[in-house]
Structure formats: structure tokens, C-alpha cells
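Student: Below: one structure in C-alpha cells.
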Amino acid sequence: MPMSNASSPRSVDPAAPLRRVALLDRHGEWWDQRERISRLRVAFARMGIEFASFAKSEEIDAFAPDCVLVASPQDPKLTKFPTYGLVDRPMHAFLNVPRFVRNILTYDGHLILSPVLRQIVGDLAFSARKLDTGAAFFGITFPMTVLEPPALADPKLCYVASDLTRTQYDVLLERLAREGALRLHGAEGRWTGRLAGAYAGPLATDAEAICAAYRAAGAGLCLEACDDLNRHISPRLMEIVAGGAIAIANRSEHLAETFGDSLLYFDTAAGIDAAREQILAHLAWVKDNPEEAQRKIIRAHRVFADRFAIERLVPNLVELHRKTLVAKGYVPAPGERPEAMPSVSIITRTGGRSRPFLERALDSLVAQNYPNLQVVFVLHRHFDWMDELIAKYVPALKFKIVEALGSLRSTAIVRGMQAVDTDLFGMLDDDDELLPNHLRTLIKTLRFHDGRDWRGRILVAYASSYIVSDGKVYPERPQWRDAMFEERGELRVIEHYRFWNAEEMAQHFFYMMSNSWLAHRDVIDEEVLADPETDTCEDLYFELQFAQRSHFAFSGETTAIHHYHSEGNSTFVDAHRHQYDTLRHGLRTHMRTFPRMTQYRSHLTGRPERSEPAHHISPFQAPLPPAPGYVNPGTPPPDPTGTGARPAGGLAGRARAALKGLTARLGRKT
């Protein structure tokens, strides 16, 4: 059966530059997303970097990139490759959606142009104790351009709309169109009524046509260039400046600090009529003072070329990647001493599945590139090719063979733990995988957390896991299906991304994948080795035993893969035993106590209802930037999620969005 190997071994040189980059962009068919993709393709090609864009994570494996860039917080990390999230949306667009926070935390690093957003995301990583998660000054701005003089004899305002059908600025645009001063671009049908007469047609998505449109008009209008809460400069402003037009933009302190007087500003707090007058006055000034306007264009373009052109930003990405490979354990740290590294045993129960499955699991252990690693084979039955298999992986792996012939699954785990003679141990079923940085990140987590707080010694660390299916779609769990969720029919999904909560575990609400944890052998005692003699949920039973002896440390990294396959998945084969085995596990744990843990709560933090297990991250109510005075008061504010997604849920979803917009407007009036 063909299998997707999600973590096959490959050598990685941390000193080598990026050679191949993938972009995960779920809305790559939209006009503005196609344009973003073209910009990256042009800039990367100039720097000798191969680039490709993909709609789903499962499509990326065959491309085998050095790293993956993620365009939207809708998507978590779901590949073996170092992954960097583009954080280019205001803080209120992701802090109040727990799934977005979770997804952002799954990334190995972050690409951010705003100093404020860098602090916000850094605060999240600090809270999660997601160690050494870096950020780079990088975004999808615009490729480097050669400045060409624009048409300033009779300048017009060029305004480009994205795919979203937001209409909050239409009243202002209508009043500018009445003066014959506006050239509108966007999808067919976007501009109607009075604005239809100003429509100048769609633009090709080649990172060139948009520059030509701005130069032909002479001036570019950007109504959301920057706000001083998030201090994120819009890529729309970058394309105006890169195209060689003079930019007319809403004033903000951060924008003025960055571009000085090279832009023409109008007052953000101005009403629609006042904004119209200021914009038209700027346009008249350009017509009357073309030479001075050209000097502003040159100064603005110099700022762009020196600080914001994608080619200027790529070295920041390369440096982040170089550091991340070591910081996140993809490669050994310089000067790493094998003799100082703790020894590790991985218990692998095998004997019932095909050779390709087992080799895929062992390949993922070889990919750890970790010294002092031992595989404890617990044989459910003998297989003819065992000696040949072991010879293939020696000396990269050391092996210890233990027999549990025909035994129950819990018995096989007990036999494996009895054979552990290393400092640490973990588990890996013969049909699952580990990402290449699994062991080093968990060892790092154990060392960092141990004795760090009131919990004292930490004996177990665990990672996030995700499902990889060979055909069946596994949707997000109900706890993560928020109003912004988009059903996409993917074959990969985050299975477990939860911060340790012993209280939930005592209520049978918390679990982690059996291949996601690493434990100190001190958790093994005669009671842990008392076999419950069960065949289902046996991995959770032993996790419950560990939880009575130690708190667990969460690495915050996604480094374990749970394969769901159509041939012999034990979850389905032994389903008839679940109820009885779970009853017995409950009885064996019935009189035990678990510590109660209290998570921090502030007035800005939302919490789920008491009756609902807190499986997800609590939403955080971030402040909204002030609404521009020239926004049409008769239309809802922009989509607060900033996801680029159309309203979900049909009529009901649109009604909820409208009600949310009304609530926001009423809140601002009070």
C-alpha cells in the first residue's frame, strides 16, 4: 500500500542558505492571494530560491522544502519541516480566537513586520514556555523595483480592492469618484452604482501590473496604511511606493516615523467630507508641484528599497531559519557532547503490521540524529525479516529485543518498561512517526521545567500531535470549531495541542498520544509495572499512573504523528473492548487523587462554561484600533478576524457577523 512518509530522514546543514521554500496559502485562488504568491516567486527567484505555493499541508511533503511559510492563522503546522507563520493581521484578529492562538503557537518561528505584533506573539510564546521561538522582520511586501517616473501632469487616485467585498469606504470613494479623480481596480462586479464609472478593470497577478496601474494614475490611495495600536504597515502602501506613485495615506505616528514627509497624509479622525477635501487638496498639490512630488516619491522609494523590499527581508528569514534548526532541535547544537546527552529508550510494540509501516517508524527515529538512542522491540509475534531489518538500521540505532508473544497490549508496555535501562524512555507504535526534532525538544523541555516552579521535579514532557490519514477526513474537534472555522476536507488535523491540566485528566478529559511523551525512568516502580491486563486505552492508563507521580511539561512543539490508516487500526479493530477496559482502568484509579491546577484569569480573558472541559485556549479580548472617521457609518466594520475568509455559515453566519458589527459600533459610540 502506498504510504506518505511524513518524516523521512534527510541531512540538514544549518549553515546552508535556503534553497527551497513552500508557502501554505489556503486561499491561493483569490486575486490578492495570487498577487502575494507572485511577489514571493519573483523575489525568491532573484535570490536563487525555489518556491512553490500549496493549498493544503498534505500537498507539501513531495516538494520537500527547507521550510514552510504559513499565510493564515487558519492553518497550524502539519508537516515535518520547520514552519514559520506570517503574522500580518491586527492583534484583535487572532487573540480572541483560541484556535488561531493555538495555530500560531504550533509554528517554529514567526515572520512579523510590526514591533507591536512581535511583542504580542512573543508574550504568547513566553506564556506557553515555547522555548527559543524566534521572530524575523519579514513579510510579503513587494519585490525590489527600479523607480520609473509616474504620470503627474494630470494625476488621478489609483485605489485597488482585494477580493473581500468590504464596503465601509464606499461613501468616501463615491465622493472622490464624483470629481473624476478616481481609478478603481478589483474583481469584476465589485464596483457598482456611482463607482462603476470609475472602474478601470482587473489587474494581472504578476507583481508588475499593479505597479503599472499606480504609475499611470500618478498617485495611490491607501485608506488603512497603518494604525498606531498594531503599528503594522499595509502591503498596499508598499506596492504604491514600489510602483513609483506618490502615496496618499492615513496618518499614523508609526508611518510618519518610518516614511517621514515622503508621503502625503490625511487625518484618520477626519469625517468623510473632511477626508475627501484633504485627499483632493493633496492631488491638486501634486499637479501643481510635480517636481517636489517626484522628490517625495524618490525618498519614499528609497525607504522601501532599503528596508522593506522582499529581497532585503529574505536574509532575516535565512537567519531565523539557521537559528531555528538548532534551537528547535532539528540539528545538533554546535559543540553538543554525545556523552553528556541523556540516554533514551523508545518502546516499540511490533509483530503484527507490515514491514513498510515499521520501517517508516524506524526512519523517523534515525531522523532524530540523536546519540544514545535505543529501540526496545516488544514482539507480539516473531517475523522472518527481523534480523534483516535490524541490520539495515545498525549502527544508526541500537536494539533490545523483548518477547511478549500473543500478549495483551498493556502487557507489552509493561514488558517494555521492565527492559528500560536508559535515563529516559518513550513509546512509538510501529505505524506512527516522530518529527526529526522530537527528542531534542522534549529533553530541552524537561530540563527547563524541572524545578522551575512550585511543582518541583518534572518527570514527563510531552508534545503536540497531529493526525495523518490515508484517505479519511478527520475534522477539527468540536472544542475548536469556532465561527471562523472553514471546512476543507483535509487529511491532516491537529489531534492534541493542550496545556497540562491534571484536573481534566482526573475527569478523563485529558489525554496525549502515546508517541508524544518522554519520561524519566524514575516514574517506573512496582505499581506502574502492575499489569492491568487490558487491550484498549492501555496507553492512557499508564499516563494516568505517571500523572500520580509527576506533573507533565508541555513543549508547545508539534512533533508527533498519529497515522490513521485503513488496514488494521487498533482503534477500530478492538472497539468492542473499550467500555470494559475503560471500566477497569477507572476502578484501578478510582481512589487516587490528582492535584488541582488553577489557570490565570484576567478581566480580558474569556473562559468556557464550567460544564465544558477547557480543552481549548481561552480567548483574549484585545483592544480594537480606533475606527477611521471616514468609514461609512452605515456599514459594518472590517472583518475583525482579518483572515481573508468570507463569512461562514450561510445566512446564520452573516447574521452573526452583522450583529457583531452592530455591537462593536454601539460600543464605540458609548
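Order determines the names: the first chain of the C-alpha cells is A, the second B, and so forth; residues in each chain are numbered 1 upward, and ligands are numbered 1 upward as they are shown.
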What residues in stretch 35-96 of chain A get the DSSP label strand (DSSP E)? Please answer as a VMD selection string.
Tutor: chain A and resid 50 to 54 67 to 70 83 to 86
Student: Limited to N, CA, C and O atoms, could you put the picked residues into a file as a short mmCIF file (atom, residue, chain, number, x, y, z; two decimals), in the first residue's frame?
Tutor:
```
data_model
loop_
_atom_site.label_atom_id
_atom_site.label_comp_id
_atom_site.auth_asym_id
_atom_site.auth_seq_id
_atom_site.Cartn_x
_atom_site.Cartn_y
_atom_site.Cartn_z
N GLU A 50 14.14 28.23 -4.86
CA GLU A 50 12.99 27.60 -5.49
C GLU A 50 11.77 27.79 -4.59
O GLU A 50 11.86 27.62 -3.38
N PHE A 51 10.63 28.11 -5.19
CA PHE A 51 9.45 28.47 -4.41
C PHE A 51 8.22 27.83 -5.02
O PHE A 51 8.09 27.73 -6.25
N ALA A 52 7.31 27.37 -4.17
CA ALA A 52 6.03 26.83 -4.63
C ALA A 52 4.97 27.10 -3.57
O ALA A 52 5.26 27.18 -2.37
N SER A 53 3.73 27.24 -4.01
CA SER A 53 2.61 27.51 -3.12
C SER A 53 1.67 26.31 -3.12
O SER A 53 1.44 25.68 -4.16
N PHE A 54 1.07 26.03 -1.95
CA PHE A 54 0.20 24.89 -1.78
C PHE A 54 -1.04 25.29 -0.98
O PHE A 54 -0.97 26.17 -0.12
N CYS A 67 11.83 24.93 4.39
CA CYS A 67 10.91 25.45 5.39
C CYS A 67 9.58 25.77 4.73
O CYS A 67 9.47 25.83 3.51
N VAL A 68 8.58 25.97 5.58
CA VAL A 68 7.22 26.29 5.13
C VAL A 68 6.82 27.63 5.74
O VAL A 68 7.01 27.86 6.94
N LEU A 69 6.29 28.53 4.90
CA LEU A 69 5.70 29.77 5.37
C LEU A 69 4.18 29.59 5.37
O LEU A 69 3.62 29.09 4.40
N VAL A 70 3.52 30.01 6.44
CA VAL A 70 2.07 29.86 6.55
C VAL A 70 1.43 31.23 6.45
O VAL A 70 1.76 32.14 7.23
N THR A 83 8.59 25.47 10.27
CA THR A 83 7.42 26.22 9.80
C THR A 83 7.38 27.58 10.47
O THR A 83 7.52 27.70 11.68
N TYR A 84 7.17 28.62 9.63
CA TYR A 84 7.15 30.00 10.12
C TYR A 84 5.84 30.66 9.71
O TYR A 84 5.46 30.64 8.54
N GLY A 85 5.16 31.23 10.68
CA GLY A 85 3.87 31.85 10.41
C GLY A 85 4.01 33.33 10.11
O GLY A 85 4.72 34.06 10.81
N LEU A 86 3.34 33.78 9.06
CA LEU A 86 3.29 35.20 8.72
C LEU A 86 2.22 35.86 9.59
O LEU A 86 1.03 35.57 9.46
#
```
Student: Using DSSP secondary structure from the backbone, list all alpha helix (DSSP H) positions within stretch 30-79 of chain A, as an MDAnalysis selection string.
Tutor: chainID A and resid 31:46
Student: With C-alpha atoms retained, export the selected residues as a compact mmCIF listing (two decimals), in the first residue's frame.
Tutor:
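What follows is the written file part.txt:
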```
# COMPACT_ATOMS: atom_id res chain seq x y z
CA TRP A 31 -6.84 37.68 -6.68
CA ASP A 32 -4.99 39.29 -3.81
CA GLN A 33 -3.51 35.96 -2.71
CA ARG A 34 -2.33 35.18 -6.25
CA GLU A 35 -0.66 38.57 -6.28
CA ARG A 36 1.08 37.83 -2.95
CA ILE A 37 2.28 34.49 -4.31
CA SER A 38 3.66 36.20 -7.43
CA ARG A 39 5.59 38.68 -5.31
CA LEU A 40 7.30 35.92 -3.36
CA ARG A 41 8.01 33.93 -6.51
CA VAL A 42 9.67 36.93 -8.18
CA ALA A 43 11.77 37.87 -5.15
CA PHE A 44 12.84 34.31 -4.31
CA ALA A 45 13.73 33.58 -7.95
CA ARG A 46 16.05 36.60 -7.99
```
